[in-house]
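Novice: Contents of coords-v6.tsv (TSV, C-alpha atoms):
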chain	number	residue	atom	x	y	z
K	29	MET	CA	-148.88	-1.42	-28.99
K	30	ARG	CA	-145.40	-2.77	-28.26
K	31	ARG	CA	-146.87	-6.14	-27.31
K	32	GLN	CA	-148.67	-6.28	-30.66
K	33	ARG	CA	-145.44	-5.52	-32.54
K	34	VAL	CA	-143.56	-8.21	-30.63
K	35	LYS	CA	-146.34	-10.67	-31.47
K	36	GLU	CA	-146.15	-9.75	-35.15
K	37	TYR	CA	-142.36	-10.12	-35.11
K	38	THR	CA	-142.63	-13.58	-33.52
K	39	GLU	CA	-145.17	-14.62	-36.14
K	40	ALA	CA	-142.93	-13.30	-38.91
K	41	LEU	CA	-140.05	-15.42	-37.56
K	42	LEU	CA	-142.31	-18.48	-37.42
K	43	ASP	CA	-143.51	-17.81	-40.96
K	44	ILE	CA	-139.92	-17.70	-42.23
K	45	LEU	CA	-139.01	-20.90	-40.39
K	46	LEU	CA	-142.04	-22.82	-41.67
K	47	SER	CA	-141.57	-21.55	-45.24
K	48	SER	CA	-137.82	-22.01	-45.49
K	49	VAL	CA	-136.42	-24.30	-48.15
K	50	ASN	CA	-133.40	-24.85	-45.89
K	51	PRO	CA	-134.93	-26.32	-42.71
K	52	GLU	CA	-132.19	-28.98	-42.59
K	53	ARG	CA	-129.73	-26.21	-41.64
K	54	VAL	CA	-131.53	-25.97	-38.27
K	55	ASP	CA	-130.23	-28.66	-35.98
K	56	ASP	CA	-132.81	-31.10	-34.70
K	57	ASP	CA	-132.32	-30.17	-31.02
K	58	LEU	CA	-133.23	-26.57	-31.69
K	59	GLY	CA	-136.16	-27.57	-33.93
K	60	TRP	CA	-137.58	-29.90	-31.29
K	61	LYS	CA	-137.23	-27.26	-28.56
K	62	ILE	CA	-139.29	-24.87	-30.68
K	63	ALA	CA	-141.89	-27.56	-31.43
K	64	GLU	CA	-142.19	-28.53	-27.74
K	65	ASN	CA	-142.61	-24.92	-26.61
K	66	ILE	CA	-145.23	-24.15	-29.27
K	67	LYS	CA	-147.11	-27.30	-28.29
K	68	ASP	CA	-147.11	-26.10	-24.67
K	69	GLY	CA	-148.61	-22.74	-25.68
K	70	ARG	CA	-145.44	-20.70	-25.21
K	71	LEU	CA	-145.13	-19.28	-28.75
K	72	PHE	CA	-145.40	-15.67	-27.61
K	73	THR	CA	-142.71	-15.79	-24.94
K	74	HIS	CA	-139.28	-14.22	-24.98
K	75	HIS	CA	-137.68	-17.68	-24.77
K	76	VAL	CA	-139.41	-19.00	-27.91
K	77	ARG	CA	-138.77	-15.77	-29.76
K	78	SER	CA	-135.05	-16.17	-29.12
K	79	LEU	CA	-135.18	-19.84	-30.22
K	80	LEU	CA	-136.95	-18.83	-33.43
K	81	HIS	CA	-134.37	-16.12	-33.94
K	82	LYS	CA	-131.53	-18.66	-33.65
K	83	ALA	CA	-133.25	-21.01	-36.09
K	84	VAL	CA	-133.95	-18.31	-38.67
K	85	ILE	CA	-130.31	-17.09	-38.55
K	86	LEU	CA	-129.36	-20.63	-39.61
K	87	CYS	CA	-131.90	-21.23	-42.37
K	88	GLU	CA	-132.72	-17.78	-43.78
K	89	PRO	CA	-130.16	-15.16	-42.66
K	90	ASP	CA	-131.06	-12.73	-45.48
K	91	LYS	CA	-134.76	-12.81	-44.66
K	92	LEU	CA	-133.97	-12.23	-40.99
K	93	ARG	CA	-131.92	-9.16	-41.85
K	94	ARG	CA	-134.82	-7.91	-43.98
K	95	ILE	CA	-137.47	-8.22	-41.29
K	96	ASN	CA	-135.10	-6.72	-38.73
K	97	ARG	CA	-134.67	-3.70	-40.99
K	98	GLU	CA	-138.44	-3.41	-41.46
K	99	SER	CA	-139.39	-3.80	-37.80
Z	26	MET	CA	-176.58	-29.76	-54.02
Z	27	ARG	CA	-175.40	-27.86	-50.97
Z	28	VAL	CA	-174.19	-29.75	-47.90
Z	29	ASN	CA	-175.29	-29.03	-44.34
Z	30	LYS	CA	-171.97	-29.92	-42.75
Z	31	VAL	CA	-168.45	-29.49	-44.01
Z	32	SER	CA	-165.04	-30.35	-42.61
Z	33	PHE	CA	-161.59	-29.17	-43.60
Z	34	GLY	CA	-158.21	-30.82	-43.65
Z	35	VAL	CA	-154.63	-29.88	-44.30
Z	36	GLU	CA	-152.18	-32.12	-46.09
Z	37	LEU	CA	-148.68	-32.19	-44.61
Z	38	VAL	CA	-145.75	-33.44	-46.66
Z	39	PRO	CA	-143.10	-35.18	-44.51
Z	40	ARG	CA	-140.28	-34.10	-46.77
Z	41	GLU	CA	-139.15	-31.63	-44.15
Z	42	PRO	CA	-137.69	-32.29	-40.69
Z	43	LEU	CA	-140.11	-34.06	-38.39
Z	44	TRP	CA	-140.02	-31.24	-35.83
Z	45	ARG	CA	-141.35	-28.85	-38.48
Z	46	THR	CA	-144.19	-31.20	-39.43
Z	47	CYS	CA	-145.02	-31.41	-35.72
Z	48	ILE	CA	-145.19	-27.61	-35.45
Z	49	MET	CA	-147.49	-27.51	-38.48
Z	50	ALA	CA	-149.72	-30.22	-37.04
Z	51	ASN	CA	-149.95	-28.43	-33.70
Z	52	LEU	CA	-150.91	-25.18	-35.43
Z	53	CYS	CA	-153.56	-26.96	-37.55
Z	54	ASP	CA	-155.01	-28.46	-34.36
Z	55	LYS	CA	-155.14	-25.07	-32.63
Z	56	LEU	CA	-156.44	-23.18	-35.69
Z	57	GLY	CA	-159.56	-25.36	-35.92
Z	58	PHE	CA	-158.97	-27.66	-38.89
Z	59	ASP	CA	-160.66	-31.07	-38.65
Z	60	ASN	CA	-158.13	-33.38	-40.30
Z	61	ILE	CA	-154.45	-33.71	-40.97
Z	62	TRP	CA	-153.55	-35.84	-43.96
Z	63	VAL	CA	-149.91	-36.86	-44.29
Z	64	SER	CA	-148.80	-37.67	-47.82
Z	65	ASP	CA	-146.81	-40.79	-48.66
Z	66	HIS	CA	-143.87	-40.91	-51.05
Z	67	PHE	CA	-140.96	-43.31	-50.78
Z	68	PHE	CA	-138.43	-40.44	-51.03
Z	69	ASN	CA	-139.92	-38.58	-48.05
Z	70	ARG	CA	-140.04	-39.52	-44.37
Z	71	ASN	CA	-142.16	-42.52	-43.43
Z	72	VAL	CA	-145.85	-41.68	-43.30
Z	73	PHE	CA	-146.92	-43.89	-40.38
Z	74	ILE	CA	-143.95	-43.00	-38.15
Z	75	THR	CA	-144.67	-39.33	-38.88
Z	76	LEU	CA	-148.36	-39.77	-38.01
Z	77	SER	CA	-147.49	-41.62	-34.83
Z	78	THR	CA	-145.23	-38.72	-33.77
Z	79	LEU	CA	-147.99	-36.21	-34.56
Z	80	THR	CA	-150.27	-37.87	-31.99
Z	81	SER	CA	-148.15	-36.25	-29.24
Z	82	TYR	CA	-148.39	-32.81	-30.82
Z	83	THR	CA	-152.16	-32.73	-31.37
Z	84	LYS	CA	-155.19	-33.13	-29.14
Z	85	ARG	CA	-158.38	-33.33	-31.16
Z	86	ILE	CA	-157.65	-33.24	-34.89
Z	87	LYS	CA	-158.05	-36.45	-36.91
Z	88	LEU	CA	-154.91	-37.98	-38.36
Z	89	GLY	CA	-154.44	-40.15	-41.42
Z	90	PRO	CA	-152.29	-41.00	-44.40
Z	91	ALA	CA	-153.32	-39.61	-47.78
Z	92	ILE	CA	-152.70	-41.52	-49.74
Z	93	VAL	CA	-151.06	-44.91	-49.10
Z	94	ASN	CA	-151.15	-47.45	-51.90
Z	95	PRO	CA	-151.34	-51.26	-51.88
Z	96	TYR	CA	-148.43	-51.61	-54.32
Z	97	LEU	CA	-145.89	-50.26	-51.88
Z	98	TYR	CA	-147.56	-51.45	-48.66
Z	99	HIS	CA	-149.21	-54.82	-48.32
Z	100	PRO	CA	-152.86	-54.37	-47.25
Z	101	VAL	CA	-152.06	-56.26	-44.05
Z	102	THR	CA	-149.30	-53.76	-43.24
Z	103	ILE	CA	-151.74	-50.90	-43.90
Z	104	ALA	CA	-154.36	-52.46	-41.60
Z	105	GLN	CA	-151.79	-53.16	-38.89
Z	106	SER	CA	-150.33	-49.64	-39.10
Z	107	ILE	CA	-153.65	-47.78	-39.11
Z	108	ALA	CA	-154.97	-49.89	-36.21
Z	109	THR	CA	-151.84	-49.05	-34.19
Z	110	LEU	CA	-152.22	-45.37	-35.09
Z	111	HIS	CA	-155.84	-45.54	-33.93
Z	112	GLU	CA	-154.69	-46.66	-30.49
Z	113	ALA	CA	-151.84	-44.14	-30.32
Z	114	SER	CA	-154.15	-41.28	-31.30
Z	115	LYS	CA	-156.97	-42.38	-28.96
Z	116	GLY	CA	-159.39	-43.03	-31.80
Z	117	ARG	CA	-158.54	-40.16	-34.14
Z	118	SER	CA	-157.24	-42.06	-37.15
Z	119	THR	CA	-158.61	-42.08	-40.68
Z	120	LEU	CA	-157.26	-43.95	-43.69
Z	121	GLY	CA	-156.73	-42.63	-47.19
Z	122	ILE	CA	-155.91	-45.30	-49.74
Z	123	GLY	CA	-155.48	-45.12	-53.50
Z	124	ALA	CA	-153.50	-46.37	-56.46
Z	125	GLY	CA	-150.46	-44.22	-55.77
Z	126	ASP	CA	-148.68	-42.10	-58.26
Z	127	LYS	CA	-147.35	-43.78	-61.35
Z	128	THR	CA	-144.06	-41.86	-61.55
Z	129	SER	CA	-142.93	-42.85	-58.05
Z	130	LEU	CA	-143.96	-46.47	-58.50
Z	131	ASN	CA	-142.16	-46.66	-61.85
Z	132	ARG	CA	-138.98	-45.39	-60.21
Z	133	LEU	CA	-139.22	-48.35	-57.84
Z	134	CYS	CA	-139.74	-50.68	-60.83
Z	135	ILE	CA	-143.28	-51.35	-59.61
Z	136	GLU	CA	-145.94	-51.56	-62.29
Z	137	ARG	CA	-149.26	-50.00	-61.30
Z	138	GLU	CA	-151.25	-52.96	-62.64
Z	139	LYS	CA	-155.08	-52.93	-62.56
Z	140	PRO	CA	-155.35	-50.01	-60.13
Z	141	VAL	CA	-159.10	-50.15	-59.45
Z	142	LYS	CA	-159.09	-53.91	-58.85
Z	143	THR	CA	-155.97	-53.72	-56.65
Z	144	VAL	CA	-157.32	-50.88	-54.49
Z	145	ARG	CA	-160.73	-52.56	-54.31
Z	146	GLU	CA	-159.24	-55.81	-52.97
Z	147	ALA	CA	-157.09	-53.85	-50.53
Z	148	VAL	CA	-160.09	-51.90	-49.18
Z	149	ILE	CA	-162.08	-55.12	-48.69
Z	150	ASN	CA	-159.22	-56.87	-46.91
Z	151	ILE	CA	-158.26	-53.90	-44.75
Z	152	ARG	CA	-161.89	-53.46	-43.68
Z	153	ARG	CA	-162.14	-57.16	-42.82
Z	154	LEU	CA	-158.93	-57.08	-40.79
Z	155	LEU	CA	-159.96	-53.93	-38.89
Z	156	GLU	CA	-163.33	-55.43	-38.07
Z	157	GLY	CA	-161.73	-58.61	-36.75
Z	158	ASP	CA	-162.62	-60.80	-39.72
Z	159	ALA	CA	-160.30	-62.84	-41.88
Z	160	ALA	CA	-158.79	-61.37	-44.99
Z	161	GLN	CA	-158.20	-63.51	-48.05
Z	162	ILE	CA	-154.68	-62.93	-49.30
Z	163	GLU	CA	-153.94	-64.39	-52.71
Z	164	ASP	CA	-151.37	-64.25	-55.42
Z	165	ARG	CA	-150.17	-66.54	-58.18
Z	166	ARG	CA	-148.38	-68.83	-55.73
Z	167	CYS	CA	-150.65	-69.15	-52.71
Z	168	SER	CA	-153.91	-68.30	-51.00
Z	169	ASN	CA	-154.23	-67.74	-47.26
Z	170	SER	CA	-156.85	-66.62	-44.82
Z	171	ILE	CA	-155.29	-64.34	-42.20
Z	172	ARG	CA	-156.28	-62.16	-39.21
Z	173	LEU	CA	-154.67	-59.55	-37.00
Z	174	ASP	CA	-153.87	-61.13	-33.67
Z	175	PHE	CA	-154.75	-58.15	-31.47
Z	176	ARG	CA	-157.74	-56.02	-30.42
Z	177	ARG	CA	-160.46	-56.09	-33.04
Z	178	ASN	CA	-163.38	-54.13	-34.34
Z	179	TYR	CA	-161.77	-50.82	-35.15
Z	180	LYS	CA	-164.16	-48.26	-36.62
Z	181	ILE	CA	-161.74	-46.40	-38.83
Z	182	PRO	CA	-163.15	-44.48	-41.81
Z	183	ILE	CA	-161.60	-45.51	-45.11
Z	184	TYR	CA	-161.42	-42.91	-47.87
Z	185	VAL	CA	-160.36	-43.72	-51.41
Z	186	GLY	CA	-158.20	-41.26	-53.31
Z	187	ALA	CA	-159.59	-41.03	-56.83
Z	188	GLN	CA	-159.39	-39.14	-60.09
Z	189	GLY	CA	-161.28	-41.30	-62.58
Z	190	PRO	CA	-164.91	-42.51	-62.74
Z	191	LEU	CA	-164.12	-46.20	-62.11
Z	192	MET	CA	-162.19	-45.53	-58.91
Z	193	ILE	CA	-164.96	-43.15	-57.78
Z	194	LYS	CA	-167.58	-45.81	-58.46
Z	195	MET	CA	-165.64	-48.34	-56.42
Z	196	ALA	CA	-165.23	-45.85	-53.56
Z	197	LYS	CA	-168.99	-45.22	-53.49
Z	198	GLU	CA	-169.61	-48.93	-53.22
Z	199	LEU	CA	-167.04	-49.86	-50.57
Z	200	ALA	CA	-165.56	-46.85	-48.76
Z	201	ASP	CA	-166.70	-44.26	-46.21
Z	202	GLY	CA	-165.66	-41.46	-48.47
Z	203	VAL	CA	-163.67	-40.34	-51.44
Z	204	LEU	CA	-160.89	-37.81	-51.81
Z	205	ILE	CA	-161.09	-36.43	-55.33
Z	206	ASN	CA	-157.57	-35.51	-56.33
Z	207	TRP	CA	-158.19	-32.57	-58.65
Z	208	SER	CA	-157.69	-28.85	-58.20
Z	209	ASN	CA	-159.29	-27.90	-61.49
Z	210	ILE	CA	-162.84	-26.58	-61.12
Z	211	THR	CA	-164.17	-28.27	-64.29
Z	212	LYS	CA	-162.86	-31.65	-63.19
Z	213	LEU	CA	-164.15	-31.14	-59.66
Z	214	ARG	CA	-167.59	-30.33	-61.05
Z	215	GLU	CA	-167.55	-33.45	-63.22
Z	216	CYS	CA	-166.57	-35.60	-60.23
Z	217	ALA	CA	-169.17	-33.92	-58.00
Z	218	SER	CA	-171.87	-35.12	-60.37
Z	219	LEU	CA	-170.53	-38.67	-60.01
Z	220	ILE	CA	-170.84	-38.61	-56.21
Z	221	ALA	CA	-174.03	-36.55	-55.91
Z	222	ASP	CA	-176.14	-39.67	-55.27
Z	223	THR	CA	-174.15	-40.86	-52.23
Z	224	ARG	CA	-175.69	-41.07	-48.78
Z	225	ASP	CA	-175.17	-38.39	-46.13
Z	226	TYR	CA	-172.60	-40.35	-44.16
Z	227	PHE	CA	-170.40	-40.73	-47.24
Z	228	THR	CA	-167.67	-38.10	-47.21
Z	229	ARG	CA	-167.34	-36.29	-50.52
Z	230	GLY	CA	-163.83	-34.91	-50.34
Z	231	ALA	CA	-161.89	-32.60	-52.63
Z	232	HIS	CA	-158.14	-32.82	-52.19
Z	233	LEU	CA	-156.66	-29.61	-53.61
Z	234	ILE	CA	-153.13	-28.48	-54.33
Z	235	VAL	CA	-153.23	-24.91	-53.06
Z	236	SER	CA	-150.91	-21.93	-53.02
Z	237	ILE	CA	-152.17	-18.57	-51.77
Z	238	HIS	CA	-150.54	-15.17	-51.32
Z	239	ASP	CA	-151.56	-11.52	-51.80
Z	240	ASP	CA	-149.10	-11.43	-54.69
Z	241	VAL	CA	-150.53	-13.88	-57.24
Z	242	ASP	CA	-147.19	-14.29	-59.07
Z	243	LYS	CA	-145.57	-15.51	-55.86
Z	244	ALA	CA	-148.44	-17.92	-55.27
Z	245	ARG	CA	-148.06	-19.21	-58.83
Z	246	LYS	CA	-144.32	-19.81	-58.55
Z	247	THR	CA	-144.79	-21.80	-55.36
Z	248	ALA	CA	-147.49	-23.94	-56.97
Z	249	ILE	CA	-145.36	-24.94	-60.00
Z	250	PRO	CA	-143.30	-27.89	-58.58
Z	251	PHE	CA	-146.41	-29.39	-56.97
Z	252	ALA	CA	-148.52	-29.06	-60.14
Z	253	ALA	CA	-145.62	-30.49	-62.14
Z	254	TYR	CA	-145.41	-33.48	-59.84
Z	255	ILE	CA	-149.09	-34.34	-60.31
Z	256	MET	CA	-148.87	-33.73	-64.05
Z	257	ALA	CA	-145.87	-36.03	-64.38
Z	258	GLY	CA	-147.84	-38.88	-62.87
Z	259	THR	CA	-151.01	-38.35	-64.90
Z	260	ASP	CA	-152.17	-40.71	-67.66
Z	261	GLU	CA	-151.57	-39.71	-71.27
Z	262	LYS	CA	-155.31	-39.85	-72.05
Z	263	VAL	CA	-156.12	-37.39	-69.26
Z	264	LEU	CA	-153.28	-35.11	-70.33
Z	265	ASN	CA	-154.57	-35.11	-73.90
Z	266	SER	CA	-157.97	-33.99	-72.68
Z	267	PHE	CA	-156.24	-30.90	-71.27
Z	268	LYS	CA	-154.23	-30.44	-74.49
Z	269	ILE	CA	-150.97	-31.31	-72.75
Z	270	SER	CA	-148.64	-33.39	-74.89
Z	271	GLU	CA	-146.73	-36.46	-73.80
Z	272	GLU	CA	-143.55	-34.66	-74.84
Z	273	GLU	CA	-144.27	-31.79	-72.43
Z	274	ARG	CA	-145.03	-34.24	-69.65
Z	275	SER	CA	-141.76	-36.02	-70.29
Z	276	ILE	CA	-139.76	-32.77	-70.16
Z	277	VAL	CA	-141.43	-31.78	-66.89
Z	278	GLN	CA	-140.82	-35.24	-65.43
Z	279	HIS	CA	-137.10	-35.08	-66.28
Z	280	LEU	CA	-136.77	-31.65	-64.70
Z	281	LEU	CA	-138.52	-32.88	-61.57
Z	282	VAL	CA	-136.31	-35.94	-61.20
Z	283	ALA	CA	-133.24	-33.74	-61.73
Z	284	ALA	CA	-134.65	-31.13	-59.28
Z	285	ASN	CA	-133.89	-28.47	-61.91
Z	286	TRP	CA	-136.30	-25.87	-60.52
Z	287	GLN	CA	-135.09	-22.86	-62.52
Z	288	LYS	CA	-135.65	-24.68	-65.81
Z	289	LEU	CA	-138.98	-25.99	-64.54
Z	290	TYR	CA	-140.15	-22.43	-63.79
Z	291	ALA	CA	-138.99	-21.39	-67.26
Z	292	VAL	CA	-140.96	-24.09	-69.12
Z	293	SER	CA	-144.08	-23.88	-66.94
Z	294	ARG	CA	-147.38	-22.93	-68.57
Z	295	ASP	CA	-150.60	-21.79	-66.92
Z	296	GLU	CA	-152.50	-24.46	-68.88
Z	297	TRP	CA	-151.04	-27.21	-66.73
Z	298	ILE	CA	-150.35	-25.27	-63.55
Z	299	LYS	CA	-154.04	-24.36	-63.32
Z	300	THR	CA	-155.08	-27.87	-64.27
Z	301	PHE	CA	-153.16	-29.50	-61.46
Z	302	SER	CA	-153.17	-26.83	-58.76
Z	303	PHE	CA	-154.99	-23.80	-57.51
Z	304	TYR	CA	-153.14	-20.53	-56.96
Z	305	GLY	CA	-154.43	-17.09	-56.11
Z	306	THR	CA	-155.29	-14.81	-53.22
Z	307	LYS	CA	-157.13	-15.68	-50.02
Z	308	LYS	CA	-160.28	-14.23	-51.55
Z	309	ASP	CA	-159.90	-16.42	-54.65
Z	310	LEU	CA	-159.56	-19.50	-52.46
Z	311	GLU	CA	-162.62	-18.56	-50.41
Z	312	GLU	CA	-164.64	-18.32	-53.63
Z	313	LEU	CA	-163.38	-21.74	-54.73
Z	314	VAL	CA	-164.29	-23.27	-51.36
Z	315	ARG	CA	-167.81	-21.84	-51.54
Z	316	SER	CA	-168.22	-23.24	-55.07
Z	317	LEU	CA	-167.10	-26.67	-53.88
Z	318	VAL	CA	-169.58	-26.60	-51.00
Z	319	ASP	CA	-172.31	-25.62	-53.48
Z	320	MET	CA	-171.29	-28.59	-55.63
Z	321	GLY	CA	-171.84	-30.91	-52.66
Z	322	TYR	CA	-168.31	-31.48	-51.36
Z	323	SER	CA	-168.40	-32.12	-47.62
Z	324	HIS	CA	-164.66	-32.31	-46.93
Z	325	ILE	CA	-162.02	-30.04	-48.38
Z	326	VAL	CA	-158.30	-30.72	-48.04
Z	327	PHE	CA	-155.80	-27.92	-48.51
Z	328	GLY	CA	-152.74	-29.69	-49.81
Z	329	GLY	CA	-149.45	-28.99	-51.41
Z	330	PRO	CA	-147.38	-25.93	-50.76
Z	331	LEU	CA	-150.22	-23.86	-49.14
Z	332	GLY	CA	-148.30	-20.74	-50.15
Z	333	PRO	CA	-144.91	-19.06	-50.22
Z	334	ARG	CA	-145.54	-17.94	-46.63
Z	335	VAL	CA	-146.81	-21.11	-45.03
Z	336	TYR	CA	-147.92	-19.84	-41.62
Z	337	SER	CA	-149.72	-16.82	-43.10
Z	338	ALA	CA	-151.44	-19.09	-45.63
Z	339	LEU	CA	-152.48	-21.48	-42.88
Z	340	LYS	CA	-154.00	-18.62	-40.83
Z	341	ASP	CA	-155.84	-17.33	-43.91
Z	342	MET	CA	-157.20	-20.80	-44.60
Z	343	ALA	CA	-158.34	-21.08	-40.98
Z	344	LYS	CA	-160.31	-17.84	-41.43
Z	345	ILE	CA	-161.93	-19.24	-44.59
Z	346	VAL	CA	-162.83	-22.41	-42.66
Z	347	LYS	CA	-164.48	-20.37	-39.89
Z	348	ASN	CA	-166.42	-18.17	-42.33
Z	349	VAL	CA	-167.71	-21.07	-44.41
Z	350	LYS	CA	-168.63	-23.23	-41.41
Z	351	ARG	CA	-170.46	-20.33	-39.76
Z	352	GLU	CA	-172.42	-19.68	-42.94
Z	353	ILE	CA	-173.43	-23.33	-43.27
Z	354	GLU	CA	-174.49	-23.56	-39.63
Z	355	GLU	CA	-176.64	-20.44	-39.99
Give the structure from the file, written as structure tokens.
Specialist:
Amino acid sequence: MRRQRVKEYTEALLDILLSSVNPERVDDDLGWKIAENIKDGRLFTHHVRSLLHKAVILCEPDKLRRINRES
Amino acid sequence: MRVNKVSFGVELVPREPLWRTCIMANLCDKLGFDNIWVSDHFFNRNVFITLSTLTSYTKRIKLGPAIVNPYLYHPVTIAQSIATLHEASKGRSTLGIGAGDKTSLNRLCIEREKPVKTVREAVINIRRLLEGDAAQIEDRRCSNSIRLDFRRNYKIPIYVGAQGPLMIKMAKELADGVLINWSNITKLRECASLIADTRDYFTRGAHLIVSIHDDVDKARKTAIPFAAYIMAGTDEKVLNSFKISEEERSIVQHLLVAANWQKLYAVSRDEWIKTFSFYGTKKDLEELVRSLVDMGYSHIVFGGPLGPRVYSALKDMAKIVKNVKREIEE
């Protein structure tokens, strides 16, 4: 159950990052780290979740607060 | 006419950081789509450099530009670039070529002269160059026979992006497929009748501007700038057939160039949004896809915004792809 919720949270973060109209606020180093990890099949790891979290704070802080409230 | 095999592509727009396009490409590869088409506009990131980067983030999906035009890129540059991409992607490249959009070319002070003739000559020359033959390059000042001076005989499918009957006719004659650039069901039906007599190996593609979400209003809002962009570049005659005035087109074009989105949303009308894009729920899109397959389309490209929530939309589209493919195989 918890694993499922963590997976949904990770996917929600990814959805915000890929839909953001402010992706330029995420520095390239962080963006490339996320891309590399997803390519290597590590999307659902704690490390990638924290990278996504950092990126979403930069590009969509309000949306992050909203999903944190909801989850 | 129903097809017995159908493939699906996603159009990626390299307006956003390259790392994000790479994530999208990787997800498309893993979710089971068949093609990635990267759009080309001078104000976005370079299409061929983007595609080359995507080769490292994908394993099996086909990669190609949709659409490059011979006004901005010399046909020799297109042939050279797509041949290089073919090597970099280990044989996964496809080429989409067309006349380009009038608005962008006008901004570069390039006149889109004789589009069908220009694209036709480009297709012939690119094909010759890729197959190791000589291309005949001519203009008012000179005429030369030229070749690429590296590995030859590339088998790269060439698709022509088309909206009108003359471009479609040319594509049927010379290309491996066509990508019909309409999202309006009436127009897609009209075009389907024009390509119904093509052979099985000819790819009958529909390149749609799509925005899906459970909340239809949100899907609509996301579709507006994309529909506006296509509308702004559409011929007056075509606009008149949809009862859209030149004055309205001009207003929309100005708002686009000024990136005045709030005003654009305010002046938007369903008459043109629905003409130049598709918006709705996942279920609505699945119905549209089934109709297109029934019409004989064998390749469907989901382009444009995809939806206000891009990853969710992509996953929904992947489910549609699986359902439709399974049904056809049964």
Novice: So that each row is one residue of chain Z with an atom at most 12 Å from chain K, can you give its shortest atom pair and the distance in Å to one decimal, using all atoms listed in the file, rows by chain and rising number, as JSON lines?
Specialist:
{"residue": "Z:Leu37", "atom": "CA", "partner": "K:Leu46", "partner_atom": "CA", "distance": 11.9}
{"residue": "Z:Arg40", "atom": "CA", "partner": "K:Pro51", "partner_atom": "CA", "distance": 10.3}
{"residue": "Z:Glu41", "atom": "CA", "partner": "K:Pro51", "partner_atom": "CA", "distance": 6.9}
{"residue": "Z:Pro42", "atom": "CA", "partner": "K:Glu52", "partner_atom": "CA", "distance": 6.7}
{"residue": "Z:Leu43", "atom": "CA", "partner": "K:Trp60", "partner_atom": "CA", "distance": 8.6}
{"residue": "Z:Trp44", "atom": "CA", "partner": "K:Trp60", "partner_atom": "CA", "distance": 5.3}
{"residue": "Z:Arg45", "atom": "CA", "partner": "K:Leu46", "partner_atom": "CA", "distance": 6.9}
{"residue": "Z:Thr46", "atom": "CA", "partner": "K:Leu46", "partner_atom": "CA", "distance": 8.9}
{"residue": "Z:Cys47", "atom": "CA", "partner": "K:Ala63", "partner_atom": "CA", "distance": 6.6}
{"residue": "Z:Ile48", "atom": "CA", "partner": "K:Ala63", "partner_atom": "CA", "distance": 5.2}
{"residue": "Z:Met49", "atom": "CA", "partner": "K:Leu46", "partner_atom": "CA", "distance": 7.9}
{"residue": "Z:Ala50", "atom": "CA", "partner": "K:Lys67", "partner_atom": "CA", "distance": 9.6}
{"residue": "Z:Asn51", "atom": "CA", "partner": "K:Lys67", "partner_atom": "CA", "distance": 6.2}
{"residue": "Z:Leu52", "atom": "CA", "partner": "K:Lys67", "partner_atom": "CA", "distance": 8.4}
{"residue": "Z:Cys53", "atom": "CA", "partner": "K:Lys67", "partner_atom": "CA", "distance": 11.3}
{"residue": "Z:Asp54", "atom": "CA", "partner": "K:Lys67", "partner_atom": "CA", "distance": 10.0}
{"residue": "Z:Lys55", "atom": "CA", "partner": "K:Lys67", "partner_atom": "CA", "distance": 9.4}
{"residue": "Z:Thr78", "atom": "CA", "partner": "K:Ala63", "partner_atom": "CA", "distance": 11.9}
{"residue": "Z:Leu79", "atom": "CA", "partner": "K:Lys67", "partner_atom": "CA", "distance": 10.9}
{"residue": "Z:Thr80", "atom": "CA", "partner": "K:Lys67", "partner_atom": "CA", "distance": 11.6}
{"residue": "Z:Ser81", "atom": "CA", "partner": "K:Lys67", "partner_atom": "CA", "distance": 9.1}
{"residue": "Z:Tyr82", "atom": "CA", "partner": "K:Lys67", "partner_atom": "CA", "distance": 6.2}
{"residue": "Z:Thr83", "atom": "CA", "partner": "K:Lys67", "partner_atom": "CA", "distance": 8.0}
{"residue": "Z:Lys84", "atom": "CA", "partner": "K:Lys67", "partner_atom": "CA", "distance": 10.0}
{"residue": "Z:Thr247", "atom": "CA", "partner": "K:Ser47", "partner_atom": "CA", "distance": 10.6}
{"residue": "Z:Pro330", "atom": "CA", "partner": "K:Ser47", "partner_atom": "CA", "distance": 9.1}
{"residue": "Z:Leu331", "atom": "CA", "partner": "K:Ser47", "partner_atom": "CA", "distance": 9.8}
{"residue": "Z:Gly332", "atom": "CA", "partner": "K:Ser47", "partner_atom": "CA", "distance": 8.4}
{"residue": "Z:Pro333", "atom": "CA", "partner": "K:Ser47", "partner_atom": "CA", "distance": 6.5}
{"residue": "Z:Arg334", "atom": "CA", "partner": "K:Ser47", "partner_atom": "CA", "distance": 5.5}
{"residue": "Z:Val335", "atom": "CA", "partner": "K:Ser47", "partner_atom": "CA", "distance": 5.3}
{"residue": "Z:Tyr336", "atom": "CA", "partner": "K:Asp43", "partner_atom": "CA", "distance": 4.9}
{"residue": "Z:Ser337", "atom": "CA", "partner": "K:Asp43", "partner_atom": "CA", "distance": 6.6}
{"residue": "Z:Ala338", "atom": "CA", "partner": "K:Asp43", "partner_atom": "CA", "distance": 9.3}
{"residue": "Z:Leu339", "atom": "CA", "partner": "K:Asp43", "partner_atom": "CA", "distance": 9.9}
{"residue": "Z:Lys340", "atom": "CA", "partner": "K:Asp43", "partner_atom": "CA", "distance": 10.5}
Novice: Interatomic distance between atom CA of Ala343 of chain Z and atom CA of Gly305 of chain Z?
Specialist: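 Answer for the atom CA of Ala343 of chain Z to atom CA of Gly305 of chain Z separation: 16.1 Å.
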Novice: With only C-alpha atoms as the basis for distance, which of Z:Ala104, Z:Val277, Z:Leu310, Z:Met192 is at the shortest distance from Gly157 of chain Z?
Specialist: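 Distance minimum relative to Gly157 of chain Z lands on Z:Ala104.
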